[in-house]
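Chemist: Below is one structure. I have some questions about it.
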Amino acid sequence: MKYAIVKDGVVVNVIEYEEQPSTPPAGFDVGHEAIQADNVSPNWHYLNGEFTDPNPPTQTIVEFIAPKSLTDMILESPTELAKLKTALGIT
């Protein structure tokens, strides 16, 4: 299992252990704590039992403007409307 090594509320490392390591984990100073966490990375924050990404992915919003229909293009231009009427033999 993966464990986040946390100090002062910040993940400083992520290490895989077979079982829960001691506190502090071997090789780390007092103040470090190992908390089981599969999907975290260094620099994530840990507060009240929750990990949060300090740089969450941003959501890109793409505004799509639908193209005008042929009918709309013809109706908004008197010249095009006149051409269509002539082509259809409408007076």
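Naming works like this for the structure tokens: A, B, ... for the chains as they're shown, residue 1 at the start of each chain, ligands 1 onward in shown order.
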Segment 42-52 of chain A: which residues within 6 Å, counting only C-alpha atoms, same-chain residues fewer than 6 positions away excluded, as a count of residues only?
Modeler: 5
Chemist: Enumerate the residues of segment 2-91 of chain A with a DSSP assignment of strand (DSSP E or B), computed from the backbone, and present them as a PyMOL selection string.
Modeler: chain A and resi 2-7+10-16+32-36+45-47+50-52
Chemist: Provide the atom CA of Gln36 of chain A to atom CA of Lys2 of chain A distance in Å, to one decimal place.
Modeler: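 Separation between atom CA of Gln36 of chain A and atom CA of Lys2 of chain A: 5.9 Å.
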Chemist: Write out as a list in words each polymer residue whose atoms come within 9 Å of Gly31 of chain A, counting only C-alpha atoms; drop sequence neighbours fewer than 2 positions from it.
Modeler: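 The neighbour list is Val6, Lys7, Asp8, Thr23, Pro24, Phe28, Asp29 and Glu33 of chain A.
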Chemist: Kindly save the residues from that selection, with N, CA and C atoms included, as a PDB file, in the first residue's frame.
Modeler:
ATOM      1  N   VAL A   6       3.660  12.773   5.743  1.00  0.00           N
ATOM      2  CA  VAL A   6       3.137  14.127   5.963  1.00  0.00           C
ATOM      3  C   VAL A   6       3.877  14.802   7.106  1.00  0.00           C
ATOM      4  N   LYS A   7       4.222  16.069   6.893  1.00  0.00           N
ATOM      5  CA  LYS A   7       4.793  16.889   7.958  1.00  0.00           C
ATOM      6  C   LYS A   7       4.165  18.270   7.865  1.00  0.00           C
ATOM      7  N   ASP A   8       3.649  18.744   8.989  1.00  0.00           N
ATOM      8  CA  ASP A   8       3.009  20.064   9.069  1.00  0.00           C
ATOM      9  C   ASP A   8       1.905  20.235   8.019  1.00  0.00           C
ATOM     10  N   THR A  23       5.448   5.694  13.528  1.00  0.00           N
ATOM     11  CA  THR A  23       5.416   7.157  13.485  1.00  0.00           C
ATOM     12  C   THR A  23       6.487   7.665  14.417  1.00  0.00           C
ATOM     13  N   PRO A  24       7.470   8.390  13.946  1.00  0.00           N
ATOM     14  CA  PRO A  24       7.687   8.708  12.530  1.00  0.00           C
ATOM     15  C   PRO A  24       8.201   7.482  11.776  1.00  0.00           C
ATOM     16  N   PHE A  28      12.766   9.101   8.864  1.00  0.00           N
ATOM     17  CA  PHE A  28      12.188  10.442   8.942  1.00  0.00           C
ATOM     18  C   PHE A  28      12.260  10.955  10.374  1.00  0.00           C
ATOM     19  N   ASP A  29      12.355  12.262  10.500  1.00  0.00           N
ATOM     20  CA  ASP A  29      12.438  12.896  11.813  1.00  0.00           C
ATOM     21  C   ASP A  29      11.083  12.928  12.508  1.00  0.00           C
ATOM     22  N   GLU A  33       4.518  11.817   9.661  1.00  0.00           N
ATOM     23  CA  GLU A  33       3.506  10.799   9.902  1.00  0.00           C
ATOM     24  C   GLU A  33       3.204  10.089   8.586  1.00  0.00           C
TER      25      GLU A  33
END
Chemist: As a ChimeraX atom specification, please: all residues of chain A that backbone DSSP puts in helix (DSSP H, G or I).
Modeler: /A:70-75,78-88
Chemist: Which residues come within 10 Å of Pro21 of chain A, counting only C-alpha atoms, excluding same-chain residues fewer than 3 positions away, as an mmCIF file with C-alpha atoms, in the first residue's frame?
Modeler:
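As written to disk, part_37.cif reads:
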data_model
loop_
_atom_site.group_PDB
_atom_site.id
_atom_site.type_symbol
_atom_site.label_atom_id
_atom_site.label_comp_id
_atom_site.auth_asym_id
_atom_site.auth_seq_id
_atom_site.Cartn_x
_atom_site.Cartn_y
_atom_site.Cartn_z
ATOM 1 C CA TYR A 3 1.586 5.910 2.287
ATOM 2 C CA GLU A 16 4.978 2.012 -0.673
ATOM 3 C CA TYR A 17 5.043 -0.146 2.484
ATOM 4 C CA GLU A 18 3.788 -3.681 3.027
ATOM 5 C CA PRO A 24 7.687 8.708 12.530
ATOM 6 C CA PRO A 25 8.474 6.299 9.687
ATOM 7 C CA ALA A 26 12.011 4.895 9.619
ATOM 8 C CA GLU A 33 3.506 10.799 9.902
ATOM 9 C CA ALA A 34 2.665 7.996 7.435
ATOM 10 C CA ILE A 35 -0.948 8.031 6.246
ATOM 11 C CA GLN A 36 -2.319 5.440 3.831
#
